[in-house]
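As stored in run-v3.pdb (PDB, C-alpha atoms, pLDDT in the B column):
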```pdb
ATOM      1  CA  MET A   1      97.857 114.857  85.122  1.00 77.00           C
ATOM      2  CA  GLU A   2     100.963 116.334  86.690  1.00 87.00           C
ATOM      3  CA  ALA A   3     104.089 114.297  87.354  1.00 89.00           C
ATOM      4  CA  ILE A   4     103.705 114.746  91.113  1.00 87.00           C
ATOM      5  CA  GLU A   5     100.196 113.265  90.958  1.00 91.00           C
ATOM      6  CA  ILE A   6     101.477 110.271  89.010  1.00 95.00           C
ATOM      7  CA  ILE A   7     104.241 109.724  91.567  1.00 94.00           C
ATOM      8  CA  LYS A   8     101.712 109.935  94.408  1.00 95.00           C
ATOM      9  CA  ILE A   9      99.379 107.464  92.671  1.00 97.00           C
ATOM     10  CA  VAL A  10     102.203 104.995  91.966  1.00 98.00           C
ATOM     11  CA  LEU A  11     103.574 105.301  95.502  1.00 97.00           C
ATOM     12  CA  ALA A  12     100.096 104.857  97.030  1.00 98.00           C
ATOM     13  CA  THR A  13      99.569 101.794  94.816  1.00 98.00           C
ATOM     14  CA  ILE A  14     102.855 100.220  95.858  1.00 98.00           C
ATOM     15  CA  VAL A  15     102.427 100.980  99.576  1.00 98.00           C
ATOM     16  CA  GLY A  16      98.728 100.052  99.707  1.00 98.00           C
ATOM     17  CA  THR A  17      98.984  96.850  97.691  1.00 98.00           C
ATOM     18  CA  THR A  18     102.146  95.759  99.501  1.00 98.00           C
ATOM     19  CA  LEU A  19     100.598  96.344 102.938  1.00 98.00           C
ATOM     20  CA  MET A  20      97.416  94.547 101.921  1.00 98.00           C
ATOM     21  CA  THR A  21      99.356  91.620 100.487  1.00 97.00           C
ATOM     22  CA  GLY A  22     101.600  91.508 103.554  1.00 98.00           C
ATOM     23  CA  PHE A  23      98.512  91.333 105.752  1.00 98.00           C
ATOM     24  CA  SER A  24      97.091  88.521 103.612  1.00 97.00           C
ATOM     25  CA  TYR A  25     100.368  86.589 103.747  1.00 97.00           C
ATOM     26  CA  LEU A  26     100.610  87.067 107.519  1.00 97.00           C
ATOM     27  CA  ALA A  27      96.987  85.977 108.029  1.00 97.00           C
ATOM     28  CA  SER A  28      97.542  83.062 105.657  1.00 96.00           C
ATOM     29  CA  GLU A  29     100.566  81.868 107.615  1.00 96.00           C
ATOM     30  CA  SER A  30      98.971  82.543 111.021  1.00 97.00           C
ATOM     31  CA  PHE A  31      95.843  80.524 110.242  1.00 95.00           C
ATOM     32  CA  ASN A  32      97.555  78.006 107.949  1.00 96.00           C
ATOM     33  CA  LYS A  33      95.235  78.945 105.056  1.00 95.00           C
ATOM     34  CA  LEU A  34      95.757  79.839 101.420  1.00 94.00           C
ATOM     35  CA  TRP A  35      94.710  83.504 101.449  1.00 95.00           C
ATOM     36  CA  LYS A  36      97.558  84.884  99.318  1.00 95.00           C
ATOM     37  CA  GLU A  37      95.953  86.838  96.461  1.00 96.00           C
ATOM     38  CA  PRO A  38      98.858  86.554  93.970  1.00 94.00           C
ATOM     39  CA  VAL A  39      99.025  82.782  94.554  1.00 92.00           C
ATOM     40  CA  LEU A  40      95.248  82.447  94.198  1.00 93.00           C
ATOM     41  CA  LEU A  41      95.327  84.486  90.975  1.00 92.00           C
ATOM     42  CA  ASN A  42      97.979  82.113  89.621  1.00 89.00           C
ATOM     43  CA  LEU A  43      95.880  79.096  90.672  1.00 87.00           C
ATOM     44  CA  VAL A  44      92.741  80.447  89.009  1.00 88.00           C
ATOM     45  CA  ALA A  45      94.700  81.206  85.822  1.00 86.00           C
ATOM     46  CA  ALA A  46      96.316  77.757  85.781  1.00 83.00           C
ATOM     47  CA  ARG A  47      93.036  75.957  86.416  1.00 80.00           C
ATOM     48  CA  ALA A  48      91.344  78.064  83.734  1.00 77.00           C
ATOM     49  CA  ASN A  49      93.963  76.693  81.307  1.00 77.00           C
ATOM     50  CA  ILE A  50      95.717  80.015  80.801  1.00 77.00           C
ATOM     51  CA  ASP A  51      99.124  78.820  79.691  1.00 74.00           C
ATOM     52  CA  PHE A  52     102.260  80.682  80.743  1.00 72.00           C
ATOM     53  CA  SER A  53     105.910  79.887  80.653  1.00 73.00           C
ATOM     54  CA  PRO A  54     107.119  78.903  84.162  1.00 70.00           C
ATOM     55  CA  ARG A  55     108.850  82.278  84.595  1.00 69.00           C
ATOM     56  CA  ARG A  56     105.798  84.321  83.601  1.00 72.00           C
ATOM     57  CA  LYS A  57     103.508  82.061  85.593  1.00 71.00           C
ATOM     58  CA  SER A  58     105.266  82.932  88.843  1.00 75.00           C
ATOM     59  CA  ILE A  59     104.834  86.701  88.383  1.00 89.00           C
ATOM     60  CA  PHE A  60     101.397  86.778  86.734  1.00 91.00           C
ATOM     61  CA  GLY A  61      99.459  86.946  90.020  1.00 92.00           C
ATOM     62  CA  TRP A  62     101.724  89.657  91.393  1.00 95.00           C
ATOM     63  CA  ILE A  63     101.408  91.846  88.290  1.00 94.00           C
ATOM     64  CA  ILE A  64      97.633  91.461  88.148  1.00 95.00           C
ATOM     65  CA  HIS A  65      97.337  92.179  91.885  1.00 97.00           C
ATOM     66  CA  TYR A  66      99.309  95.437  91.596  1.00 98.00           C
ATOM     67  CA  ILE A  67      97.347  96.478  88.480  1.00 98.00           C
ATOM     68  CA  ILE A  68      94.111  95.994  90.430  1.00 98.00           C
ATOM     69  CA  GLY A  69      95.615  98.026  93.280  1.00 98.00           C
ATOM     70  CA  LEU A  70      96.414 100.776  90.780  1.00 98.00           C
ATOM     71  CA  ALA A  71      92.817 100.727  89.527  1.00 98.00           C
ATOM     72  CA  PHE A  72      91.518 101.190  93.078  1.00 98.00           C
ATOM     73  CA  VAL A  73      93.962 104.038  93.775  1.00 98.00           C
ATOM     74  CA  LEU A  74      92.965 105.764  90.533  1.00 98.00           C
ATOM     75  CA  CYS A  75      89.306 105.550  91.583  1.00 98.00           C
ATOM     76  CA  TYR A  76      90.129 106.993  95.007  1.00 98.00           C
ATOM     77  CA  HIS A  77      92.276 109.724  93.437  1.00 97.00           C
ATOM     78  CA  PHE A  78      89.604 110.908  91.021  1.00 96.00           C
ATOM     79  CA  ILE A  79      86.919 110.870  93.706  1.00 98.00           C
ATOM     80  CA  TRP A  80      89.139 113.003  95.940  1.00 96.00           C
ATOM     81  CA  LYS A  81      90.122 115.309  93.117  1.00 94.00           C
ATOM     82  CA  TYR A  82      86.672 115.883  91.605  1.00 95.00           C
ATOM     83  CA  SER A  83      84.401 115.789  94.643  1.00 96.00           C
ATOM     84  CA  ASP A  84      84.223 117.357  98.072  1.00 95.00           C
ATOM     85  CA  MET A  85      85.627 114.185  99.650  1.00 96.00           C
ATOM     86  CA  GLU A  86      89.167 114.270 101.002  1.00 95.00           C
ATOM     87  CA  PRO A  87      91.688 111.544 101.877  1.00 96.00           C
ATOM     88  CA  THR A  88      90.803 111.318 105.568  1.00 96.00           C
ATOM     89  CA  TRP A  89      90.850 108.361 107.947  1.00 97.00           C
ATOM     90  CA  PRO A  90      87.038 108.003 108.000  1.00 98.00           C
ATOM     91  CA  CYS A  91      87.098 108.116 104.201  1.00 98.00           C
ATOM     92  CA  ALA A  92      89.740 105.355 104.223  1.00 98.00           C
ATOM     93  CA  LEU A  93      87.433 103.142 106.276  1.00 98.00           C
ATOM     94  CA  ILE A  94      84.546 103.747 103.883  1.00 98.00           C
ATOM     95  CA  PHE A  95      86.689 103.248 100.765  1.00 98.00           C
ATOM     96  CA  GLY A  96      88.288 100.163 102.316  1.00 98.00           C
ATOM     97  CA  ALA A  97      84.883  98.649 103.092  1.00 98.00           C
ATOM     98  CA  VAL A  98      83.577  99.383  99.591  1.00 98.00           C
ATOM     99  CA  SER A  99      86.804  98.067  98.039  1.00 98.00           C
ATOM    100  CA  GLY A 100      86.537  94.960 100.211  1.00 98.00           C
ATOM    101  CA  LEU A 101      83.002  94.313  98.974  1.00 98.00           C
ATOM    102  CA  ILE A 102      84.145  94.825  95.371  1.00 98.00           C
ATOM    103  CA  GLY A 103      87.027  92.424  96.021  1.00 98.00           C
ATOM    104  CA  ILE A 104      84.685  89.790  97.474  1.00 98.00           C
ATOM    105  CA  PHE A 105      82.293  90.189  94.546  1.00 97.00           C
ATOM    106  CA  SER A 106      85.203  89.880  92.069  1.00 97.00           C
ATOM    107  CA  TRP A 107      86.630  86.763  93.734  1.00 96.00           C
ATOM    108  CA  PHE A 108      83.167  85.208  93.792  1.00 94.00           C
ATOM    109  CA  PHE A 109      83.219  85.297  89.979  1.00 93.00           C
ATOM    110  CA  LEU A 110      86.919  84.458  89.659  1.00 92.00           C
ATOM    111  CA  PHE A 111      86.379  81.281  91.657  1.00 90.00           C
ATOM    112  CA  LYS A 112      83.673  80.263  89.156  1.00 88.00           C
ATOM    113  CA  ILE A 113      86.109  80.324  86.190  1.00 84.00           C
ATOM    114  CA  PRO A 114      88.124  77.139  86.772  1.00 78.00           C
ATOM    115  CA  ASP A 115      86.499  73.706  86.822  1.00 77.00           C
ATOM    116  CA  GLU A 116      88.603  72.759  89.827  1.00 75.00           C
ATOM    117  CA  LYS A 117      88.152  75.325  92.585  1.00 75.00           C
ATOM    118  CA  PRO A 118      90.946  76.219  95.015  1.00 79.00           C
ATOM    119  CA  LYS A 119      90.503  74.285  98.237  1.00 83.00           C
ATOM    120  CA  ILE A 120      89.838  77.160 100.615  1.00 88.00           C
ATOM    121  CA  LYS A 121      87.053  78.053 103.013  1.00 90.00           C
ATOM    122  CA  ILE A 122      85.461  80.840 101.032  1.00 92.00           C
ATOM    123  CA  LYS A 123      83.750  82.722 103.899  1.00 94.00           C
ATOM    124  CA  GLN A 124      86.985  82.838 105.909  1.00 96.00           C
ATOM    125  CA  TYR A 125      88.862  84.066 102.851  1.00 96.00           C
ATOM    126  CA  TYR A 126      86.257  86.766 102.189  1.00 97.00           C
ATOM    127  CA  LEU A 127      86.484  88.026 105.780  1.00 97.00           C
ATOM    128  CA  GLN A 128      90.280  88.230 105.541  1.00 98.00           C
ATOM    129  CA  LEU A 129      89.970  89.922 102.129  1.00 98.00           C
ATOM    130  CA  PHE A 130      87.575  92.530 103.516  1.00 98.00           C
ATOM    131  CA  VAL A 131      89.979  93.403 106.355  1.00 98.00           C
ATOM    132  CA  ALA A 132      92.925  93.450 103.921  1.00 98.00           C
ATOM    133  CA  HIS A 133      91.152  96.095 101.840  1.00 98.00           C
ATOM    134  CA  ILE A 134      90.703  98.257 104.935  1.00 98.00           C
ATOM    135  CA  PHE A 135      94.488  98.117 105.398  1.00 98.00           C
ATOM    136  CA  PHE A 136      94.925  98.931 101.710  1.00 98.00           C
ATOM    137  CA  ALA A 137      92.763 102.062 101.930  1.00 98.00           C
ATOM    138  CA  LEU A 138      94.401 103.185 105.182  1.00 98.00           C
ATOM    139  CA  ALA A 139      97.823 102.898 103.535  1.00 98.00           C
ATOM    140  CA  VAL A 140      96.656 104.847 100.484  1.00 98.00           C
ATOM    141  CA  VAL A 141      95.305 107.635 102.699  1.00 98.00           C
ATOM    142  CA  ALA A 142      98.578 107.638 104.672  1.00 98.00           C
ATOM    143  CA  VAL A 143     100.517 108.255 101.449  1.00 97.00           C
ATOM    144  CA  TYR A 144      98.124 111.021 100.458  1.00 96.00           C
ATOM    145  CA  GLN A 145      98.298 112.570 103.941  1.00 94.00           C
ATOM    146  CA  LEU A 146     102.099 112.484 103.864  1.00 93.00           C
ATOM    147  CA  SER A 147     102.115 114.033 100.410  1.00 89.00           C
ATOM    148  CA  LEU A 148     100.301 117.067 101.820  1.00 79.00           C
ATOM    149  CA  HIS A 149     103.585 117.977 103.482  1.00 77.00           C
ATOM    150  CA  PHE A 150     105.276 118.091 100.093  1.00 72.00           C
ATOM    151  CA  TYR A 151     102.609 119.067  97.619  1.00 60.00           C
ATOM    152  CA  TYR A 152      98.939 119.929  97.715  1.00 54.00           C
ATOM    153  CA  TYR A 153      96.987 117.757  95.288  1.00 46.00           C
TER
END
```
Have the structure of the file written as structure tokens, please.
Amino acid sequence: MEAIEIIKIVLATIVGTTLMTGFSYLASESFNKLWKEPVLLNLVAARANIDFSPRRKSIFGWIIHYIIGLAFVLCYHFIWKYSDMEPTWPCALIFGAVSGLIGIFSWFFLFKIPDEKPKIKIKQYYLQLFVAHIFFALAVVAVYQLSLHFYYY
């Protein structure tokens, strides 16, 4: 993999995950709900008795969230690179919807890990999560579209 591809992947991960998380934080504050993925990851870890020092505990959810974002971007990247699909806006909607369903499926199992579940309305959270993944995929495609002006992948 070329250095420019790595830069594009990292930048798409940062932009996509940050936009998605920003949307989740905004929706969380707007509806007075706990829909913040890094916070929920920390809660699930704490309630599953995963022990961290206070300093590591505060960043665990953020690190995991960005690693998951990287995994999604890598999947998108390899699909675009090794298939006839391209990073277009319709593709972003499809990838966002699929990513949203994967996210919902993943959280369904994550919420089963701790004995004490986070006190959230699951269906509302899943709807917000689905929309957040659409924003994620749109941001990733935006980075890839912008990169076309600098380098053809």
Check which residues satisfy the PyMOL selection byres ((chain A and resi 132) around 9) in the file shown, then give them as a ChimeraX atom specification.
/A:19-24,96,100,127-131,133-137
Mind pulling up the distance from atom CA of A:Ala46 to atom CA of A:Lys123?
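Interatomic distance, atom CA of A:Lys123 to atom CA of A:Ala46: 22.6 Å.
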Distance query A:Val39 at most 10 Å, all atoms listed in the file, self and fewer than 5 positions along chain excluded, as a list in words:
Leu34, Val44, Ala45, Ser58, Ile59, Phe60, Gly61, Trp62 and His65 of chain A
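Distances here use all atoms listed in the file; by that measure, the residue among A:Ala3, A:Leu43, A:Ala71, A:Ala92 closest to A:Tyr144 is A:Ala92.
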Just say which residues the PyMOL selection byres ((chain A and resi 77-86) around 10) picks in this file, as a VMD selection string.
chain A and resid 5 8 to 9 12 71 to 76 87 to 92 140 to 141 144 to 145 153
Proximity to A:Tyr25 - best of A:Arg47, A:Tyr125, A:Lys119, A:Ile94, all atoms listed in the file:
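Under the stated criterion, the closest residue is A:Tyr125.
Atom to atom, atom CA of A:Lys36 and atom CA of A:Leu146 stand 28.3 Å apart.
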Residue with smallest distance to A:Ser106 - pool A:Ala27, A:Leu70, A:Ser147, A:Leu41, counting all atoms listed in the file
A:Leu41
Could you jot down the atom CA of A:Thr18 to atom CA of A:Tyr66 separation for me, Å, one decimal place?
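Atom-to-atom, atom CA of A:Thr18 and atom CA of A:Tyr66 are spaced 8.4 Å apart.
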When distances are computed from all atoms listed in the file, which of A:Pro114, A:Met1, A:Val98, A:Asn42 shows the smallest separation from A:Arg56?
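Using all atoms listed in the file, the shortest distance to A:Arg56 belongs to A:Asn42.
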Given only C-alpha atoms as the basis, pick out the residue of A:Phe95, A:Asn49, A:Leu138, A:Ile68 nearest to A:Glu37.
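Once distances to A:Glu37 are computed over only C-alpha atoms, the minimum belongs to A:Ile68.
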